[in-house]
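Okay, run-v8.tsv is below, TSV, C-alpha atoms and all ligand atoms:
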```tsv
chain	number	residue	atom	x	y	z
A	125	MET	CA	128.00	105.76	93.12
A	126	THR	CA	126.82	109.32	93.78
A	127	ILE	CA	123.58	110.26	92.04
A	128	SER	CA	123.30	113.69	90.47
A	129	CYS	CA	119.98	115.45	89.88
A	130	VAL	CA	118.65	118.63	88.33
A	131	ILE	CA	115.94	120.61	90.14
A	132	LEU	CA	113.12	121.99	88.00
A	133	CYS	CA	112.08	125.38	89.45
A	134	GLY	CA	113.87	127.52	92.02
A	135	GLY	CA	111.62	129.00	94.71
A	136	GLY	CA	111.05	128.77	98.45
A	137	HIS	CA	110.10	125.08	98.30
A	138	THR	CA	113.31	124.37	96.35
A	139	ARG	CA	115.34	125.64	99.30
A	140	VAL	CA	113.68	123.07	101.58
A	141	LEU	CA	114.37	120.33	99.03
A	142	ILE	CA	118.05	121.25	98.64
A	143	ASP	CA	118.40	121.21	102.42
A	144	ALA	CA	116.74	117.76	102.56
A	145	LEU	CA	118.96	116.38	99.77
A	146	GLN	CA	122.07	117.76	101.45
A	147	ALA	CA	120.98	116.36	104.84
A	148	ALA	CA	120.34	112.91	103.30
A	149	GLY	CA	123.75	113.13	101.62
A	150	LYS	CA	123.22	110.57	98.85
A	151	VAL	CA	122.36	112.89	95.99
A	152	VAL	CA	124.25	115.87	94.64
A	153	PRO	CA	122.05	118.57	93.07
A	154	TYR	CA	123.88	119.49	89.82
A	155	GLY	CA	121.90	122.64	89.14
A	156	ILE	CA	118.49	124.32	89.08
A	157	LEU	CA	116.47	125.27	85.98
A	158	ASP	CA	114.02	128.18	86.34
A	159	SER	CA	112.15	130.35	83.85
A	160	ASP	CA	113.07	133.63	85.64
A	161	PRO	CA	116.11	135.13	83.83
A	162	ASN	CA	116.87	137.27	86.90
A	163	LEU	CA	117.88	134.07	88.70
A	164	TRP	CA	120.21	132.74	86.02
A	165	GLY	CA	123.85	132.79	87.11
A	166	THR	CA	122.89	133.04	90.81
A	167	GLU	CA	123.10	130.24	93.38
A	168	MET	CA	120.76	128.73	95.94
A	169	PHE	CA	122.62	127.17	98.90
A	170	GLY	CA	125.63	126.68	96.62
A	171	ILE	CA	123.61	125.12	93.76
A	172	PRO	CA	123.84	127.13	90.51
A	173	ILE	CA	120.73	128.29	88.67
A	174	LEU	CA	121.82	127.43	85.15
A	175	GLY	CA	119.00	128.78	82.95
A	176	ASP	CA	115.54	127.59	81.96
A	177	ASP	CA	114.35	124.12	81.04
A	178	THR	CA	115.39	124.48	77.40
A	179	LEU	CA	118.76	123.37	78.84
A	180	LEU	CA	117.33	119.97	79.76
A	181	PRO	CA	118.42	118.17	76.56
A	182	LYS	CA	121.95	119.57	77.02
A	183	LEU	CA	122.19	117.84	80.41
A	184	ILE	CA	122.15	114.46	78.74
A	185	GLY	CA	125.75	113.30	78.77
A	186	GLN	CA	126.43	115.35	81.91
A	187	PRO	CA	126.50	113.36	85.17
A	188	VAL	CA	122.77	114.14	85.69
A	189	THR	CA	120.52	111.06	85.78
A	190	HIS	CA	117.59	112.26	87.91
A	191	PHE	CA	115.25	115.21	88.32
A	192	VAL	CA	113.34	116.76	91.23
A	193	VAL	CA	110.29	119.02	90.83
A	194	GLY	CA	111.19	122.09	92.90
A	195	LEU	CA	107.75	123.72	92.92
A	196	GLY	CA	105.43	123.33	95.92
A	197	GLY	CA	102.39	125.17	94.52
A	198	ASN	CA	100.13	124.71	91.47
A	199	SER	CA	99.81	120.97	90.98
A	200	LYS	CA	99.10	121.23	87.24
A	201	ILE	CA	102.43	123.02	86.72
A	202	ARG	CA	104.10	120.40	88.94
A	203	GLN	CA	102.66	117.70	86.69
A	204	ARG	CA	103.97	119.53	83.59
A	205	LEU	CA	107.46	119.76	85.13
A	206	PHE	CA	107.31	116.10	86.13
A	207	GLU	CA	106.43	115.10	82.57
A	208	LYS	CA	109.16	117.38	81.20
A	209	GLY	CA	111.75	115.60	83.35
A	210	PHE	CA	110.57	112.24	82.05
A	211	SER	CA	110.57	113.38	78.44
A	212	ALA	CA	114.24	114.36	78.87
A	213	SER	CA	114.90	110.68	79.79
A	214	LEU	CA	115.68	111.53	83.43
A	215	GLU	CA	114.40	109.50	86.40
A	216	PRO	CA	112.28	111.16	89.11
A	217	MET	CA	114.14	111.39	92.41
A	218	ALA	CA	112.35	110.95	95.74
A	219	VAL	CA	113.40	113.52	98.35
A	220	ILE	CA	113.23	112.02	101.83
A	221	HIS	CA	114.63	114.09	104.67
A	222	PRO	CA	116.45	111.92	107.24
A	223	ALA	CA	114.12	113.31	109.92
A	224	ALA	CA	111.00	112.07	108.08
A	225	VAL	CA	109.50	108.84	109.44
A	226	CYS	CA	108.14	106.47	106.81
A	227	SER	CA	106.86	102.97	107.50
A	228	ARG	CA	108.43	100.11	105.57
A	229	TRP	CA	104.81	99.11	104.88
A	230	ALA	CA	103.96	102.34	103.08
A	231	GLU	CA	104.03	102.51	99.26
A	232	LEU	CA	105.71	105.54	97.74
A	233	GLY	CA	105.13	106.76	94.18
A	234	GLN	CA	107.86	108.20	91.99
A	235	GLY	CA	109.35	111.52	93.02
A	236	VAL	CA	107.60	111.77	96.41
A	237	GLN	CA	108.85	114.38	98.87
A	238	LEU	CA	108.81	113.64	102.61
A	239	LEU	CA	110.01	116.71	104.48
A	240	PRO	CA	111.42	117.03	108.02
A	241	GLY	CA	109.20	115.73	110.80
A	242	SER	CA	106.62	114.22	108.46
A	243	ILE	CA	105.21	110.79	109.30
A	244	VAL	CA	103.81	108.24	106.86
A	245	ASN	CA	102.37	105.20	108.59
A	246	PRO	CA	101.85	101.55	107.49
A	247	GLY	CA	99.54	100.79	104.61
A	248	ALA	CA	99.61	104.38	103.31
A	249	LYS	CA	99.88	104.65	99.51
A	250	LEU	CA	101.32	107.82	98.02
A	251	GLY	CA	101.10	108.60	94.28
A	252	ALA	CA	103.61	110.35	92.01
A	253	ASN	CA	105.20	113.64	93.14
A	254	VAL	CA	103.15	113.76	96.36
A	255	ILE	CA	104.51	116.29	98.88
A	256	ILE	CA	104.17	115.51	102.59
A	257	ASN	CA	105.44	118.77	103.99
A	258	SER	CA	107.23	119.42	107.30
A	259	GLY	CA	105.48	117.95	110.33
A	260	ALA	CA	102.49	116.56	108.40
A	261	ILE	CA	101.06	113.18	109.36
A	262	VAL	CA	99.57	110.60	106.99
A	263	GLU	CA	98.06	107.85	109.11
A	264	HIS	CA	97.72	104.15	108.35
A	265	ASP	CA	96.01	103.04	105.14
A	266	CYS	CA	95.55	106.51	103.68
A	267	SER	CA	95.52	106.73	99.89
A	268	ILE	CA	97.02	109.90	98.43
A	269	GLY	CA	96.68	110.62	94.69
A	270	ASP	CA	99.29	111.96	92.27
A	271	TYR	CA	100.46	115.59	92.73
A	272	VAL	CA	98.74	116.05	96.11
A	273	HIS	CA	100.39	118.49	98.54
A	274	VAL	CA	99.78	117.84	102.24
A	275	ALA	CA	101.03	121.13	103.69
A	276	THR	CA	102.99	121.78	106.85
A	277	GLY	CA	101.51	120.24	109.98
A	278	ALA	CA	98.33	118.85	108.37
A	279	LYS	CA	97.04	115.60	109.85
A	280	LEU	CA	95.21	112.86	107.97
A	281	ALA	CA	93.66	110.23	110.25
A	282	GLY	CA	93.47	106.56	109.23
A	283	THR	CA	92.07	105.47	105.85
A	284	VAL	CA	91.58	108.96	104.45
A	285	SER	CA	91.52	109.05	100.66
A	286	VAL	CA	92.75	112.13	98.78
A	287	GLY	CA	92.17	112.47	95.03
A	288	PRO	CA	94.89	113.59	92.61
A	289	HIS	CA	95.85	117.29	92.53
A	290	ALA	CA	94.13	118.04	95.86
A	291	TYR	CA	95.74	120.42	98.37
A	292	ILE	CA	95.48	120.01	102.14
A	293	GLY	CA	96.29	123.34	103.83
A	294	ALA	CA	98.68	123.87	106.71
A	295	GLY	CA	97.49	122.49	110.04
A	296	ALA	CA	94.26	121.02	108.64
A	297	THR	CA	92.88	117.88	110.28
A	298	ILE	CA	90.95	115.24	108.32
A	299	LYS	CA	88.82	112.75	110.24
A	300	GLN	CA	89.27	109.03	109.57
A	301	ASN	CA	87.65	107.40	106.49
A	302	ILE	CA	86.97	110.76	104.77
A	303	ASN	CA	87.28	111.15	100.98
A	304	ILE	CA	88.76	114.36	99.60
A	305	GLY	CA	87.91	114.70	95.89
A	306	GLU	CA	90.26	115.33	92.99
A	307	GLY	CA	91.54	118.92	92.83
A	308	ALA	CA	89.82	119.91	96.09
A	309	ILE	CA	91.42	122.49	98.41
A	310	VAL	CA	91.21	122.24	102.20
A	311	GLY	CA	91.97	125.59	103.86
A	312	ALA	CA	94.63	126.07	106.50
A	313	GLY	CA	93.43	125.00	109.94
A	314	ALA	CA	90.22	123.34	108.69
A	315	VAL	CA	88.73	120.33	110.46
A	316	VAL	CA	87.16	118.08	107.83
A	317	ILE	CA	84.44	115.75	109.12
A	318	LYS	CA	82.48	115.18	105.86
A	319	ASP	CA	83.61	114.08	102.38
A	320	VAL	CA	84.78	116.95	100.14
A	321	PRO	CA	83.53	116.79	96.52
A	322	PRO	CA	86.07	117.17	93.70
A	323	HIS	CA	87.28	120.71	92.85
A	324	THR	CA	85.70	122.25	95.96
A	325	VAL	CA	87.34	124.69	98.41
A	326	VAL	CA	86.46	124.07	102.06
A	327	ALA	CA	87.63	125.89	105.18
A	328	GLY	CA	86.77	126.38	108.85
A	329	VAL	CA	85.82	124.22	111.83
A	330	PRO	CA	83.96	122.15	110.88
A	331	ALA	CA	84.99	122.62	107.24
A	332	ARG	CA	82.33	123.94	104.85
A	333	PRO	CA	82.52	124.97	101.16
A	334	LEU	CA	83.78	128.57	100.77
A	335	TYR	CA	82.23	129.17	97.35
A	336	ASP	CA	79.02	128.15	95.58
A	337	GLU	CA	80.72	127.41	92.27
A	338	ASP	CA	83.50	124.85	92.03
A	339	LEU	CA	87.10	125.25	90.80
A	340	LYS	CA	86.45	123.77	87.35
A	341	ALA	CA	84.46	126.87	86.27
A	401	LIG	C1	91.15	128.37	101.83
A	401	LIG	C2	92.00	129.21	100.89
A	401	LIG	C3	92.51	128.35	99.73
A	401	LIG	C4	91.09	130.31	100.37
A	401	LIG	O1	91.84	131.20	99.61
A	401	LIG	P1	91.05	132.31	98.75
A	401	LIG	O2	90.12	131.64	97.80
A	401	LIG	O3	92.10	133.23	98.19
A	401	LIG	O4	90.16	133.00	99.85
A	401	LIG	P2	90.24	134.48	100.50
A	401	LIG	O5	91.56	134.70	101.16
A	401	LIG	O6	89.82	135.46	99.45
A	401	LIG	O7	89.13	134.37	101.63
A	401	LIG	C5	87.74	134.20	101.32
A	401	LIG	C6	87.00	134.08	102.61
A	401	LIG	O8	87.33	132.84	103.25
A	401	LIG	C7	87.90	133.07	104.53
A	401	LIG	N1	89.03	132.11	104.67
A	401	LIG	C8	90.09	132.00	103.85
A	401	LIG	N2	90.89	131.02	104.26
A	401	LIG	C9	90.34	130.51	105.37
A	401	LIG	C10	90.73	129.48	106.24
A	401	LIG	N3	91.84	128.77	106.05
A	401	LIG	N4	89.92	129.20	107.29
A	401	LIG	C11	88.78	129.92	107.50
A	401	LIG	N5	88.37	130.91	106.68
A	401	LIG	C12	89.13	131.20	105.63
A	401	LIG	C13	88.38	134.52	104.52
A	401	LIG	O9	88.43	135.05	105.81
A	401	LIG	C14	87.34	135.16	103.65
A	401	LIG	O10	86.19	135.37	104.41
A	401	LIG	P3	85.29	136.72	104.20
A	401	LIG	O11	84.80	136.64	102.77
A	401	LIG	O12	84.21	136.55	105.22
A	401	LIG	O13	86.21	137.86	104.43
A	401	LIG	C15	93.26	129.80	101.63
A	401	LIG	O14	92.90	130.89	102.49
A	401	LIG	C16	94.03	128.78	102.42
A	401	LIG	O15	93.75	128.49	103.60
A	401	LIG	N6	95.07	128.22	101.75
A	401	LIG	C17	95.99	127.27	102.35
A	401	LIG	C18	97.36	127.94	102.57
A	401	LIG	C19	98.33	127.01	103.20
A	401	LIG	O16	97.98	126.12	103.95
A	401	LIG	N7	99.61	127.15	102.86
A	401	LIG	C20	100.61	126.24	103.36
A	401	LIG	C21	101.90	126.32	102.60
A	401	LIG	S1	103.02	125.06	103.20
```
How would this structure read if it were set down as structure tokens?
Amino acid sequence: MTISCVILCGGGHTRVLIDALQAAGKVVPYGILDSDPNLWGTEMFGIPILGDDTLLPKLIGQPVTHFVVGLGGNSKIRQRLFEKGFSASLEPMAVIHPAAVCSRWAELGQGVQLLPGSIVNPGAKLGANVIINSGAIVEHDCSIGDYVHVATGAKLAGTVSVGPHAYIGAGATIKQNINIGEGAIVGAGAVVIKDVPPHTVVAGVPARPLYDEDLKA
């Protein structure tokens, strides 16, 4: 049976997800819901943008059974969209590009997204709605919390732990056994050789905090 899903949010990341779903060929995106009225009635790679998420209840009874969070940025908004999909009685859909490599010994949370060229090795545990973006590597026994985004080309060595809502910037490298705290941000190209406290922004080689105050303020 073909599965049909609705995509919550229509931006640049959504285009990558549609491409991955179409390449995998098992799921048909039924439509996209986005809050921008300028997008309503338009299409993205042949998928119609139907309206905003007030349409969600109306999709019940349509062939839609699953949802995908289409946003790549702000993890708090991604969490809100994820919960919205659930509250509409839809199931989260994992998006796994056929060119992603994922060990049979990895554990994947609901609605994870593994994009082209990403690698997830044995013993890795990924939480809900984690994004492993194109070409990123999550080595053996890493633990990745809910709503984390590991951006394009970032590399996590073995047994790295990343707290929920953290963001690992493009091309960053994290040394083995490092802990990245909840909500922390690692800048693009950083090399992280020390633990990063929660809600802290680090950047550079080696990575150091960018700001005195943390992100909770
Ligand atoms: C680290 C980051 C979050 C900081 O963003 P910000 O708070 O808006 O910071 P700003 O751009 O105002 O820069 C502040 C300072 O940090 C420096 N800086 C910013 N990002 C840096 C990085 N990745 N590496 C080294 N230095 C960096 C800036 O040069 C600036 O220095 P200055 O004050 O001496 O001029 C951001 O630059 C970043 O790297 N984001 C990741 C983006 C990414 O990977 N996207 C992938 C999408 S798939």
Practice item. Extract, using all atoms listed in the file, all DNA, RNA and protein residues at most 12 Å from Gly247 (chain A), discarding same-chain residues fewer than 4 positions from it, and format them as a VMD selection string. Key: chain A and resid 226 to 232 262 to 268 282 to 284
**Study point:** Given all atoms listed in the file as the counted atoms, nearest of A:Ala224, A:Leu280, A:Ala308, A:Val193 to Asn253 (chain A)
**Key:**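 Between A:Ala224, A:Leu280, A:Ala308, A:Val193, the residue approaching Asn253 (chain A) most closely is A:Val193.
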Practice item. Step by step, measure atom-to-atom distances between ligand LIG 401 (chain A) and each residue using all atoms listed in the file, keep those at most 12 Å, then write them as number ranges by chain. Key: A: 136-137, 140, 195-198, 239, 255-260, 273-278, 290-297, 307-316, 323-339
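We find CA of Pro321 (chain A) and CA of Gly305 (chain A) to be spaced 4.9 Å apart.
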Review point. Hey, can you pull every residue with an atom no more than 10 Å from (112.2, 127.5, 83.2), using all atoms listed in the file, and send it as a PyMOL selection string?
Key: chain A and resi 132-134+156-161+164+174-180+205
Would you save the residues of that selection, restricted to C-alpha atoms, as a PDB file, in the frame of the given file?
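And here is the file that came out, part-v3.pdb:
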```
ATOM      1  CA  LEU A 132     113.120 121.990  88.000  1.00  0.00           C
ATOM      2  CA  CYS A 133     112.080 125.380  89.450  1.00  0.00           C
ATOM      3  CA  GLY A 134     113.870 127.520  92.020  1.00  0.00           C
ATOM      4  CA  ILE A 156     118.490 124.320  89.080  1.00  0.00           C
ATOM      5  CA  LEU A 157     116.470 125.270  85.980  1.00  0.00           C
ATOM      6  CA  ASP A 158     114.020 128.180  86.340  1.00  0.00           C
ATOM      7  CA  SER A 159     112.150 130.350  83.850  1.00  0.00           C
ATOM      8  CA  ASP A 160     113.070 133.630  85.640  1.00  0.00           C
ATOM      9  CA  PRO A 161     116.110 135.130  83.830  1.00  0.00           C
ATOM     10  CA  TRP A 164     120.210 132.740  86.020  1.00  0.00           C
ATOM     11  CA  LEU A 174     121.820 127.430  85.150  1.00  0.00           C
ATOM     12  CA  GLY A 175     119.000 128.780  82.950  1.00  0.00           C
ATOM     13  CA  ASP A 176     115.540 127.590  81.960  1.00  0.00           C
ATOM     14  CA  ASP A 177     114.350 124.120  81.040  1.00  0.00           C
ATOM     15  CA  THR A 178     115.390 124.480  77.400  1.00  0.00           C
ATOM     16  CA  LEU A 179     118.760 123.370  78.840  1.00  0.00           C
ATOM     17  CA  LEU A 180     117.330 119.970  79.760  1.00  0.00           C
ATOM     18  CA  LEU A 205     107.460 119.760  85.130  1.00  0.00           C
TER      19      LEU A 205
END
```
Point to revise | Residue list as a ChimeraX atom specification for point (108.1, 114.2, 82.7), cut-off 12 Å, all atoms listed in the file | key: /A:132,177,180,190-193,201-217,234-235,252-253
Practice item. Could you tell me how far CA of Thr189 (chain A) lies from CA of Ser128 (chain A), in Å and to one decimal? Key: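 About the pair CA of Thr189 (chain A) and CA of Ser128 (chain A): they are 6.1 Å apart.
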6 Å per side around region 167-177 of chain A: axis-aligned box centre and edge lengths, as JSON:
```
{"center_x": 120.0, "center_y": 127.2, "center_z": 90.0, "size_x": 23.3, "size_y": 18.1, "size_z": 29.9}
```
